[in-house]
Each structure stands twice: as structure tokens, then as C-alpha cells.
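target_2.cif follows (mmCIF, C-alpha atoms):
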```
data_upload
loop_
_atom_site.group_PDB
_atom_site.id
_atom_site.type_symbol
_atom_site.label_atom_id
_atom_site.label_comp_id
_atom_site.auth_asym_id
_atom_site.auth_seq_id
_atom_site.Cartn_x
_atom_site.Cartn_y
_atom_site.Cartn_z
ATOM 1 C CA MET A 101 125.180 94.055 79.273
ATOM 2 C CA LYS A 102 128.097 96.360 78.587
ATOM 3 C CA THR A 103 130.823 95.037 76.298
ATOM 4 C CA SER A 104 133.480 95.640 78.962
ATOM 5 C CA THR A 105 131.457 93.684 81.531
ATOM 6 C CA LEU A 106 130.963 90.799 79.110
ATOM 7 C CA ALA A 107 134.683 90.738 78.317
ATOM 8 C CA THR A 108 135.474 90.632 82.033
ATOM 9 C CA LEU A 109 133.115 87.680 82.552
ATOM 10 C CA VAL A 110 134.592 85.798 79.608
ATOM 11 C CA LEU A 111 138.097 86.428 80.917
ATOM 12 C CA ALA A 112 137.050 85.263 84.391
ATOM 13 C CA ALA A 113 135.496 82.119 82.963
ATOM 14 C CA GLY A 114 138.690 81.405 81.066
ATOM 15 C CA THR A 115 140.725 81.858 84.231
ATOM 16 C CA LEU A 116 138.439 79.521 86.172
ATOM 17 C CA THR A 117 138.714 76.956 83.420
ATOM 18 C CA ALA A 118 142.491 77.084 83.589
ATOM 19 C CA VAL A 119 142.448 76.655 87.362
ATOM 20 C CA ALA A 120 140.027 73.722 87.202
ATOM 21 C CA VAL A 121 142.081 72.012 84.537
ATOM 22 C CA ALA A 122 145.264 72.345 86.557
ATOM 23 C CA VAL A 123 143.969 71.669 90.043
ATOM 24 C CA PRO A 124 141.237 69.168 91.040
ATOM 25 C CA GLY A 125 139.925 71.396 93.815
ATOM 26 C CA LEU A 126 141.938 73.021 96.593
ATOM 27 C CA ASN A 127 139.576 75.476 98.293
ATOM 28 C CA PRO A 128 137.905 74.426 101.576
ATOM 29 C CA VAL A 129 135.053 71.932 101.127
ATOM 30 C CA PRO A 130 132.481 71.480 103.898
ATOM 31 C CA THR A 131 132.443 68.102 105.614
ATOM 32 C CA PRO A 132 129.213 66.408 104.490
ATOM 33 C CA THR A 133 126.685 65.795 107.245
ATOM 34 C CA TYR A 134 125.978 62.140 106.558
ATOM 35 C CA THR A 135 124.302 59.928 109.177
ATOM 36 C CA VAL A 136 126.849 58.469 111.613
ATOM 37 C CA ALA A 137 125.672 55.495 113.657
ATOM 38 C CA ALA A 138 127.156 54.762 117.086
ATOM 39 C CA THR A 139 127.958 51.224 116.015
ATOM 40 C CA SER A 140 127.757 49.233 112.806
ATOM 41 C CA ALA A 141 129.408 46.240 111.172
ATOM 42 C CA LEU A 142 132.461 46.920 109.048
ATOM 43 C CA VAL A 143 132.052 47.029 105.275
ATOM 44 C CA ASP A 144 133.419 43.992 103.436
ATOM 45 C CA HIS A 145 135.603 45.214 100.559
ATOM 46 C CA SER A 146 136.285 41.713 99.174
ATOM 47 C CA ALA A 147 133.954 42.046 96.157
ATOM 48 C CA TYR A 148 135.708 45.265 95.146
ATOM 49 C CA ASP A 149 139.073 43.596 95.755
ATOM 50 C CA LYS A 150 138.172 40.827 93.291
ATOM 51 C CA LEU A 151 137.103 43.343 90.659
ATOM 52 C CA LEU A 152 140.364 45.274 91.025
ATOM 53 C CA LYS A 153 142.433 42.103 90.726
ATOM 54 C CA LYS A 154 140.452 41.168 87.604
ATOM 55 C CA HIS A 155 140.363 44.510 85.804
ATOM 56 C CA VAL A 156 143.444 46.504 86.945
ATOM 57 C CA THR A 157 147.037 45.739 85.966
ATOM 58 C CA ALA A 158 149.986 45.796 88.361
ATOM 59 C CA GLN A 159 150.847 49.182 86.798
ATOM 60 C CA GLY A 160 147.409 50.572 87.677
ATOM 61 C CA LEU A 161 145.848 50.601 84.212
ATOM 62 C CA VAL A 162 142.118 49.946 84.179
ATOM 63 C CA ASP A 163 140.003 47.766 81.902
ATOM 64 C CA TYR A 164 136.894 49.940 82.020
ATOM 65 C CA GLN A 165 135.055 47.676 79.573
ATOM 66 C CA GLY A 166 135.727 44.801 81.967
ATOM 67 C CA PHE A 167 134.185 46.804 84.797
ATOM 68 C CA LYS A 168 131.209 47.438 82.503
ATOM 69 C CA ALA A 169 130.812 43.693 82.019
ATOM 70 C CA ASP A 170 130.829 43.211 85.811
ATOM 71 C CA GLU A 171 128.651 46.243 86.441
ATOM 72 C CA ALA A 172 126.025 44.384 88.487
ATOM 73 C CA VAL A 173 128.608 43.179 91.021
ATOM 74 C CA PHE A 174 130.272 46.590 91.072
ATOM 75 C CA ASN A 175 126.962 48.366 91.688
ATOM 76 C CA GLN A 176 126.200 46.002 94.569
ATOM 77 C CA TYR A 177 129.460 47.032 96.215
ATOM 78 C CA LEU A 178 128.681 50.730 95.684
ATOM 79 C CA ALA A 179 125.205 50.213 97.155
ATOM 80 C CA MET A 180 126.819 48.650 100.230
ATOM 81 C CA LEU A 181 129.105 51.674 100.595
ATOM 82 C CA SER A 182 126.136 54.002 100.201
ATOM 83 C CA LYS A 183 124.120 52.317 102.951
ATOM 84 C CA ASN A 184 126.965 51.702 105.404
ATOM 85 C CA PRO A 185 129.083 54.804 106.125
ATOM 86 C CA PRO A 186 131.726 54.552 108.840
ATOM 87 C CA ALA A 187 130.296 54.437 112.354
ATOM 88 C CA ALA A 188 131.730 55.888 115.558
ATOM 89 C CA ASN A 189 132.987 52.471 116.674
ATOM 90 C CA TRP A 190 135.180 51.990 113.572
ATOM 91 C CA SER A 191 138.927 52.378 113.953
ATOM 92 C CA LYS A 192 140.715 55.238 112.197
ATOM 93 C CA ALA A 193 142.287 52.716 109.790
ATOM 94 C CA ASP A 194 138.901 51.178 108.941
ATOM 95 C CA GLN A 195 137.455 54.626 108.259
ATOM 96 C CA MET A 196 140.383 55.696 106.087
ATOM 97 C CA ALA A 197 140.283 52.456 104.082
ATOM 98 C CA TYR A 198 136.538 52.918 103.551
ATOM 99 C CA TRP A 199 136.866 56.493 102.253
ATOM 100 C CA ILE A 200 139.874 55.763 100.024
ATOM 101 C CA ASN A 201 138.065 52.802 98.469
ATOM 102 C CA ALA A 202 134.912 54.892 98.101
ATOM 103 C CA TYR A 203 136.762 57.708 96.307
ATOM 104 C CA ASN A 204 138.452 55.357 93.860
ATOM 105 C CA ALA A 205 135.376 53.203 93.282
ATOM 106 C CA TYR A 206 133.079 56.165 92.655
ATOM 107 C CA THR A 207 135.673 57.635 90.287
ATOM 108 C CA ILE A 208 135.491 54.397 88.290
ATOM 109 C CA ARG A 209 131.679 54.664 88.412
ATOM 110 C CA LEU A 210 131.879 58.240 87.069
ATOM 111 C CA ILE A 211 134.039 57.114 84.146
ATOM 112 C CA LEU A 212 131.699 54.201 83.393
ATOM 113 C CA ASP A 213 128.724 56.577 83.388
ATOM 114 C CA HIS A 214 130.362 58.551 80.559
ATOM 115 C CA TYR A 215 132.454 55.883 78.851
ATOM 116 C CA PRO A 216 134.115 56.099 76.398
ATOM 117 C CA VAL A 217 135.967 59.292 77.322
ATOM 118 C CA GLN A 218 139.574 60.263 76.721
ATOM 119 C CA SER A 219 139.883 62.128 80.012
ATOM 120 C CA ILE A 220 137.907 62.722 83.189
ATOM 121 C CA LYS A 221 138.055 66.418 82.248
ATOM 122 C CA ASP A 222 135.764 65.686 79.290
ATOM 123 C CA ILE A 223 132.919 65.063 81.726
ATOM 124 C CA GLY A 224 130.484 67.871 82.502
ATOM 125 C CA SER A 225 130.388 71.525 81.547
ATOM 126 C CA LYS A 226 133.038 72.857 79.176
ATOM 127 C CA ILE A 227 133.578 75.755 81.578
ATOM 128 C CA LYS A 228 135.012 74.162 84.714
ATOM 129 C CA ILE A 229 134.348 76.331 87.770
ATOM 130 C CA PRO A 230 136.041 74.796 90.834
ATOM 131 C CA PHE A 231 133.541 73.219 93.272
ATOM 132 C CA VAL A 232 130.663 74.039 90.921
ATOM 133 C CA THR A 233 130.990 72.361 87.517
ATOM 134 C CA THR A 234 134.044 70.080 87.653
ATOM 135 C CA PRO A 235 133.647 66.280 87.661
ATOM 136 C CA TRP A 236 134.969 66.290 91.234
ATOM 137 C CA ALA A 237 132.214 68.684 92.353
ATOM 138 C CA ALA A 238 129.342 66.675 90.856
ATOM 139 C CA LYS A 239 127.153 65.132 93.569
ATOM 140 C CA PHE A 240 126.386 61.908 91.731
ATOM 141 C CA PHE A 241 126.223 59.445 94.646
ATOM 142 C CA SER A 242 124.950 59.314 98.219
ATOM 143 C CA ILE A 243 126.469 57.941 101.408
ATOM 144 C CA GLY A 244 124.502 57.699 104.628
ATOM 145 C CA GLY A 245 121.591 59.519 103.029
ATOM 146 C CA GLN A 246 123.760 62.502 101.989
ATOM 147 C CA GLN A 247 124.428 63.450 98.372
ATOM 148 C CA MET A 248 128.179 63.674 97.898
ATOM 149 C CA SER A 249 130.922 64.513 95.444
ATOM 150 C CA LEU A 250 134.478 63.279 95.094
ATOM 151 C CA ASP A 251 135.566 66.681 96.456
ATOM 152 C CA ASN A 252 133.505 65.991 99.573
ATOM 153 C CA ILE A 253 135.416 62.770 100.206
ATOM 154 C CA GLU A 254 138.890 64.114 99.451
ATOM 155 C CA HIS A 255 138.776 67.640 100.858
ATOM 156 C CA GLY A 256 135.798 67.516 103.210
ATOM 157 C CA ILE A 257 136.617 64.198 104.892
ATOM 158 C CA LEU A 258 140.016 62.631 104.208
ATOM 159 C CA ARG A 259 142.200 65.753 104.232
ATOM 160 C CA LYS A 260 140.252 67.397 107.069
ATOM 161 C CA LYS A 261 139.627 64.497 109.395
ATOM 162 C CA PHE A 262 142.701 62.307 109.032
ATOM 163 C CA ASP A 263 145.488 64.796 108.272
ATOM 164 C CA ASP A 264 147.723 62.206 106.569
ATOM 165 C CA PRO A 265 149.322 63.499 103.334
ATOM 166 C CA ARG A 266 149.842 59.907 102.196
ATOM 167 C CA ILE A 267 146.237 59.914 101.029
ATOM 168 C CA HIS A 268 147.529 61.792 97.974
ATOM 169 C CA PHE A 269 149.373 58.608 96.992
ATOM 170 C CA THR A 270 146.116 56.619 97.101
ATOM 171 C CA LEU A 271 143.364 58.738 95.514
ATOM 172 C CA VAL A 272 143.196 58.084 91.788
ATOM 173 C CA CYS A 273 141.427 60.573 89.499
ATOM 174 C CA ALA A 274 141.435 58.174 86.509
ATOM 175 C CA SER A 275 144.418 59.920 84.889
ATOM 176 C CA LEU A 276 147.894 58.763 83.871
ATOM 177 C CA SER A 277 149.675 61.235 86.146
ATOM 178 C CA CYS A 278 147.673 60.060 89.157
ATOM 179 C CA PRO A 279 149.198 57.529 91.526
ATOM 180 C CA ARG A 280 148.781 53.892 90.538
ATOM 181 C CA LEU A 281 145.358 52.407 91.195
ATOM 182 C CA ARG A 282 146.192 49.366 93.329
ATOM 183 C CA ASN A 283 144.784 46.101 92.041
ATOM 184 C CA GLU A 284 143.569 45.360 95.549
ATOM 185 C CA ALA A 285 141.241 47.096 97.984
ATOM 186 C CA TYR A 286 142.557 49.075 100.937
ATOM 187 C CA THR A 287 141.955 47.390 104.290
ATOM 188 C CA ALA A 288 142.594 48.445 107.873
ATOM 189 C CA ALA A 289 144.910 45.496 108.461
ATOM 190 C CA GLN A 290 147.160 46.420 105.526
ATOM 191 C CA LEU A 291 146.641 50.183 105.419
ATOM 192 C CA GLU A 292 150.028 51.338 106.775
ATOM 193 C CA LYS A 293 151.859 48.973 104.443
ATOM 194 C CA GLN A 294 149.687 50.011 101.497
ATOM 195 C CA LEU A 295 150.164 53.750 102.150
ATOM 196 C CA ASP A 296 153.945 53.406 102.311
ATOM 197 C CA ASP A 297 154.007 51.129 99.274
ATOM 198 C CA GLN A 298 152.034 53.708 97.308
ATOM 199 C CA GLY A 299 154.530 56.383 98.342
ATOM 200 C CA ARG A 300 157.500 54.326 97.179
ATOM 201 C CA ASP A 301 155.790 53.410 93.935
ATOM 202 C CA PHE A 302 154.776 56.996 93.168
ATOM 203 C CA LEU A 303 158.095 58.661 93.996
ATOM 204 C CA ASN A 304 160.209 56.101 92.129
ATOM 205 C CA ASN A 305 158.088 55.987 88.978
ATOM 206 C CA PRO A 306 159.832 58.199 86.355
ATOM 207 C CA ALA A 307 156.501 58.767 84.630
ATOM 208 C CA LYS A 308 155.276 60.538 87.791
ATOM 209 C CA ASN A 309 158.489 62.008 89.276
ATOM 210 C CA LYS A 310 161.979 62.440 87.783
ATOM 211 C CA ILE A 311 164.326 62.772 90.729
ATOM 212 C CA GLY A 312 168.028 63.590 90.643
ATOM 213 C CA LYS A 313 170.170 64.956 93.450
ATOM 214 C CA SER A 314 170.796 68.343 91.795
ATOM 215 C CA GLU A 315 167.448 68.653 90.014
ATOM 216 C CA ALA A 316 164.054 67.067 90.649
ATOM 217 C CA GLN A 317 160.974 67.272 88.446
ATOM 218 C CA LEU A 318 158.164 66.397 90.819
ATOM 219 C CA SER A 319 154.492 65.638 90.376
ATOM 220 C CA LYS A 320 152.167 68.636 90.529
ATOM 221 C CA TYR A 321 150.768 67.031 93.703
ATOM 222 C CA PHE A 322 153.765 68.422 95.584
ATOM 223 C CA ASP A 323 152.895 71.909 94.327
ATOM 224 C CA TRP A 324 149.092 71.763 94.572
ATOM 225 C CA TYR A 325 149.107 70.336 98.095
ATOM 226 C CA LYS A 326 152.259 72.009 99.389
ATOM 227 C CA GLY A 327 150.509 72.991 102.614
ATOM 228 C CA ASP A 328 149.750 69.337 103.390
ATOM 229 C CA TRP A 329 153.367 68.277 102.874
ATOM 230 C CA GLN A 330 154.604 71.077 105.166
ATOM 231 C CA LYS A 331 152.440 70.213 108.171
ATOM 232 C CA ASN A 332 153.853 68.888 111.439
ATOM 233 C CA GLY A 333 157.406 70.043 110.746
ATOM 234 C CA GLN A 334 157.595 68.210 107.444
ATOM 235 C CA SER A 335 158.472 69.507 103.975
ATOM 236 C CA VAL A 336 158.334 68.430 100.361
ATOM 237 C CA VAL A 337 162.025 67.478 100.574
ATOM 238 C CA LYS A 338 161.441 65.310 103.657
ATOM 239 C CA TRP A 339 158.486 63.529 102.084
ATOM 240 C CA VAL A 340 160.393 62.895 98.862
ATOM 241 C CA ASN A 341 163.347 61.487 100.814
ATOM 242 C CA ARG A 342 161.045 59.255 102.842
ATOM 243 C CA TYR A 343 160.252 57.203 99.746
ATOM 244 C CA SER A 344 162.602 58.099 96.899
ATOM 245 C CA THR A 345 165.689 55.947 96.348
ATOM 246 C CA THR A 346 167.455 59.111 95.115
ATOM 247 C CA LYS A 347 167.734 61.661 97.924
ATOM 248 C CA ILE A 348 167.456 65.417 97.504
ATOM 249 C CA ASP A 349 168.199 68.382 99.763
ATOM 250 C CA ASP A 350 167.365 72.062 100.099
ATOM 251 C CA ASN A 351 169.823 72.881 97.305
ATOM 252 C CA THR A 352 168.068 70.630 94.811
ATOM 253 C CA LYS A 353 166.334 72.616 92.070
ATOM 254 C CA ILE A 354 162.674 71.559 92.157
ATOM 255 C CA THR A 355 160.296 72.028 89.251
ATOM 256 C CA TYR A 356 156.942 70.393 88.555
ATOM 257 C CA LEU A 357 155.939 68.147 85.684
ATOM 258 C CA ASP A 358 152.964 68.879 83.451
ATOM 259 C CA TYR A 359 149.989 66.764 84.460
ATOM 260 C CA ASN A 360 148.834 64.080 82.021
ATOM 261 C CA TRP A 361 145.042 63.920 82.268
ATOM 262 C CA ASN A 362 144.642 61.137 79.699
ATOM 263 C CA LEU A 363 142.533 58.236 80.953
ATOM 264 C CA ASN A 364 144.382 55.512 82.878
ATOM 265 C CA LYS A 365 142.929 52.810 80.637
ATOM 266 C CA GLN A 366 144.488 49.586 79.382
#
```
How does the structure come out when it is put into C-alpha cells?
Amino acid sequence: MKTSTLATLVLAAGTLTAVAVAVPGLNPVPTPTYTVAATSALVDHSAYDKLLKKHVTAQGLVDYQGFKADEAVFNQYLAMLSKNPPAANWSKADQMAYWINAYNAYTIRLILDHYPVQSIKDIGSKIKIPFVTTPWAAKFFSIGGQQMSLDNIEHGILRKKFDDPRIHFTLVCASLSCPRLRNEAYTAAQLEKQLDDQGRDFLNNPAKNKIGKSEAQLSKYFDWYKGDWQKNGQSVVKWVNRYSTTKIDDNTKITYLDYNWNLNKQ
């Protein structure tokens, strides 16, 4: 291999690493072709709810060792998710609650599989190629007979099918700059309330967003997913003002905070 070609490949790998570190996947992800039944009973999230109440603080910090101690119960819940994907007769809210819980629960499972780690980024190949070698691209679980990744759930299902930017307030990638992991499961009956509560919590937490009228330092989420926030006549400013107690306008100088990938552990 020519030296110039090798140098180009090394440079490209370095660029890909930088992208993967900064952004947990933004390119289109195919919707997984899992088996969808016409009808099925709803999944009971109560076992997961109990685990969250037991091992997650009100601030969203996780006792991963506690989850390890309750691994048998946790694995039973994951097995139930795996065997019972949303069916056609489920409401939109039931489907969204299922996929949000699945994303967060399988993220916890991924951390437990590699615990102790300081960051989710420590998992997998040192060279992180988006949708190939990142932790979010790893197909380490199956749902409805289909091997899946966290990217499949977030980008292939939730962002594509439900078109609700509030999901970004709910999906927790096990990092301190992520939204708070609720110490309760998402349910269809409470979903609207939970989504809005997550938005208020995220926007008014100075560790995630520092908002002033003349200058706002926002989470990288508002930069990474700018297209989502701008859909349907909305904008980053409108979404911020929907939940922030401090309002901003088009004259507010907006910058984005560095992302803290350290583990969201107790």
C-alpha cells in the first residue's frame, strides 16, 4: 500500500472517530423488519418500573451494581420485550412507551455486559465508525426474531415512525449529558405527561442547558438533531421556550455545550 494511501486511510479513520464520539448516529438507519402480529397482549412494564424505582435516583443516576444484583429479574423483562414486539392493534402511545423503555433498558444491559466502564464510548472498537463499530450500532439483542441495535430503535423506528422530537428527552445513552433516566417506566397512560415532564426537566437543568435571554448554551441535542426540532413549522427557539422557564428569541446568541460522556452512575 502506498504511504499516501495509508495516510489518507488513517486520517479518514481519525475523522470517523471524531464524528462517532460527538454524535451517536445521525445518518439514515433502515427500519428493522421484525415480526408484527395483527394482535397481541400489551407488554407489562411493571417489573422494569420496580427496578428503576429501586436502582435509579430522582436525578437519574443509576446503581449499575444494583441492577447486576437483580439481573435475573431484569433479564426476564428483556426476554419479554424480545418475544413481544408491538402489534398492529397497539395504540401509538403503547408502541412509543414500549420502544422508549426498550432503548433505555437495553442500554442498561449493554453497560452491565461491560461493567465496570467509565463511559459507553469505552465499549467496542477503538475506531468508532458510525453505524458500524459504535456501541449504538452493535446488534446485541433481538426483538420479534430480528437482531437489533440501539440505532435501529432510535433512528429506524422512533424517529422515523413517530416523528415526535420529544423522544430526545427520553432516550438515555448512559451518559451525564443525556436526559435524566426516569425512575419509572414509560406507559401509554402517562406518556404525554412523562414526555412534557422530561422536556421541562432537561431544559431547566443547568448541567444540561444554560439558558439566558441574551445568550443560551444548549445541549448538543439541539445541534445534532436540528432537523427534528425544525419540523412542522417548529424551531429550536420554539422548543426551548415550550419548556424553559427563561425564554429566548431569535436574537439570543445560541452556542452548544460540550457533551459529557461519563457514565451516569451513582
**Asked** Any idea what's packed within 10 Å of A:Asn351, counting all atoms listed in the file, ignoring anything in its chain fewer than 6 positions away? Could you give it as a list of chain:residue names?
**Response**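 What passes the distance filter is A:Lys313, A:Ser314, A:Glu315.
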**Asked** Residues picked by the PyMOL selection byres ((chain A and resi 257-266) around 10) here, as a PyMOL selection string?
**Response** chain A and resi 128-132+192-193+195-196+199-200+203+251-256+267-271+292+294-296+298-299+325-332+339
**Asked** Applied to the shown file, which residues does the PyMOL selection byres ((chain A and resi 164-181) around 12) return, written as a PyMOL selection string?
**Response** chain A and resi 141-157+160-163+182-186+195+197-218+241-245+274+285+363-366
**Prompt:** Closest to A:Asn341 among A:Leu303, A:Leu318, A:Ala289, A:Leu357, using all atoms listed in the file?
**Reply:**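 Ranking A:Leu303, A:Leu318, A:Ala289, A:Leu357 by distance to A:Asn341, first place goes to A:Leu303.
Here atom CA of A:Thr352 is placed at a distance of 14.0 Å from atom CA of A:Asn309.
For the atom pair formed by atom CA of A:Ala237 and atom CA of A:Leu276, the distance is 20.4 Å, given to one decimal.
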**Message:** What's the separation between atom CA of A:Ser275 and atom CA of A:Gln334, in Å to one decimal place?
**Reply:**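 Between these atoms lies a distance of 27.4 Å.
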**Asked** With all atoms listed in the file as the atoms that count, which of A:Asn283, A:Thr135, A:Thr234, A:Ser225 lies nearest to A:Ala188?
**Response** A:Thr135
Test item: axis-aligned box, all listed atoms of stretch 215-220 of chain A, 3 Å on each side, centre and edges in Å rounded to one decimal, as lines of an AutoDock Vina configuration file:
```
center_x = 136.2
center_y = 59.3
center_z = 79.8
size_x = 13.4
size_y = 12.8
size_z = 12.8
```
**Message:** Can you pull out the residues contacting A:Asp358? Cut-off 12 Å, using all atoms listed in the file, and skip same-chain residues under 3 positions away; I want them as a PyMOL selection string.
**Reply:** chain A and resi 121-123+276-278+307-310+317-321+323+355+361-362
Requested write-out: C-alpha atoms of the selected residues, as an mmCIF file, keeping the file's coordinate frame:
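What landed in result_10.cif:
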```
data_model
loop_
_atom_site.group_PDB
_atom_site.id
_atom_site.type_symbol
_atom_site.label_atom_id
_atom_site.label_comp_id
_atom_site.auth_asym_id
_atom_site.auth_seq_id
_atom_site.Cartn_x
_atom_site.Cartn_y
_atom_site.Cartn_z
ATOM 1 C CA VAL A 121 142.081 72.012 84.537
ATOM 2 C CA ALA A 122 145.264 72.345 86.557
ATOM 3 C CA VAL A 123 143.969 71.669 90.043
ATOM 4 C CA LEU A 276 147.894 58.763 83.871
ATOM 5 C CA SER A 277 149.675 61.235 86.146
ATOM 6 C CA CYS A 278 147.673 60.060 89.157
ATOM 7 C CA ALA A 307 156.501 58.767 84.630
ATOM 8 C CA LYS A 308 155.276 60.538 87.791
ATOM 9 C CA ASN A 309 158.489 62.008 89.276
ATOM 10 C CA LYS A 310 161.979 62.440 87.783
ATOM 11 C CA GLN A 317 160.974 67.272 88.446
ATOM 12 C CA LEU A 318 158.164 66.397 90.819
ATOM 13 C CA SER A 319 154.492 65.638 90.376
ATOM 14 C CA LYS A 320 152.167 68.636 90.529
ATOM 15 C CA TYR A 321 150.768 67.031 93.703
ATOM 16 C CA ASP A 323 152.895 71.909 94.327
ATOM 17 C CA THR A 355 160.296 72.028 89.251
ATOM 18 C CA TRP A 361 145.042 63.920 82.268
ATOM 19 C CA ASN A 362 144.642 61.137 79.699
#
```
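Distances from A:Arg282, A:Tyr356, A:Asp350, A:Ile311 to A:Ala158 were compared using all atoms listed in the file, and the smallest one belongs to A:Arg282.
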**Asked** Using only C-alpha atoms, which of A:Tyr343, A:Trp324, A:Cys273, A:Tyr359 sits nearest A:Asp297?
**Response**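 Comparing A:Tyr343, A:Trp324, A:Cys273, A:Tyr359 against A:Asp297, the winner is A:Tyr343.
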**Asked** Hey, which of A:Trp190, A:Tyr134, A:Phe240, A:Phe302 ends up closest to A:Arg280? Count only C-alpha atoms.
**Response**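 Looking only at the distances to A:Arg280, the closest residue turns out to be A:Phe302.
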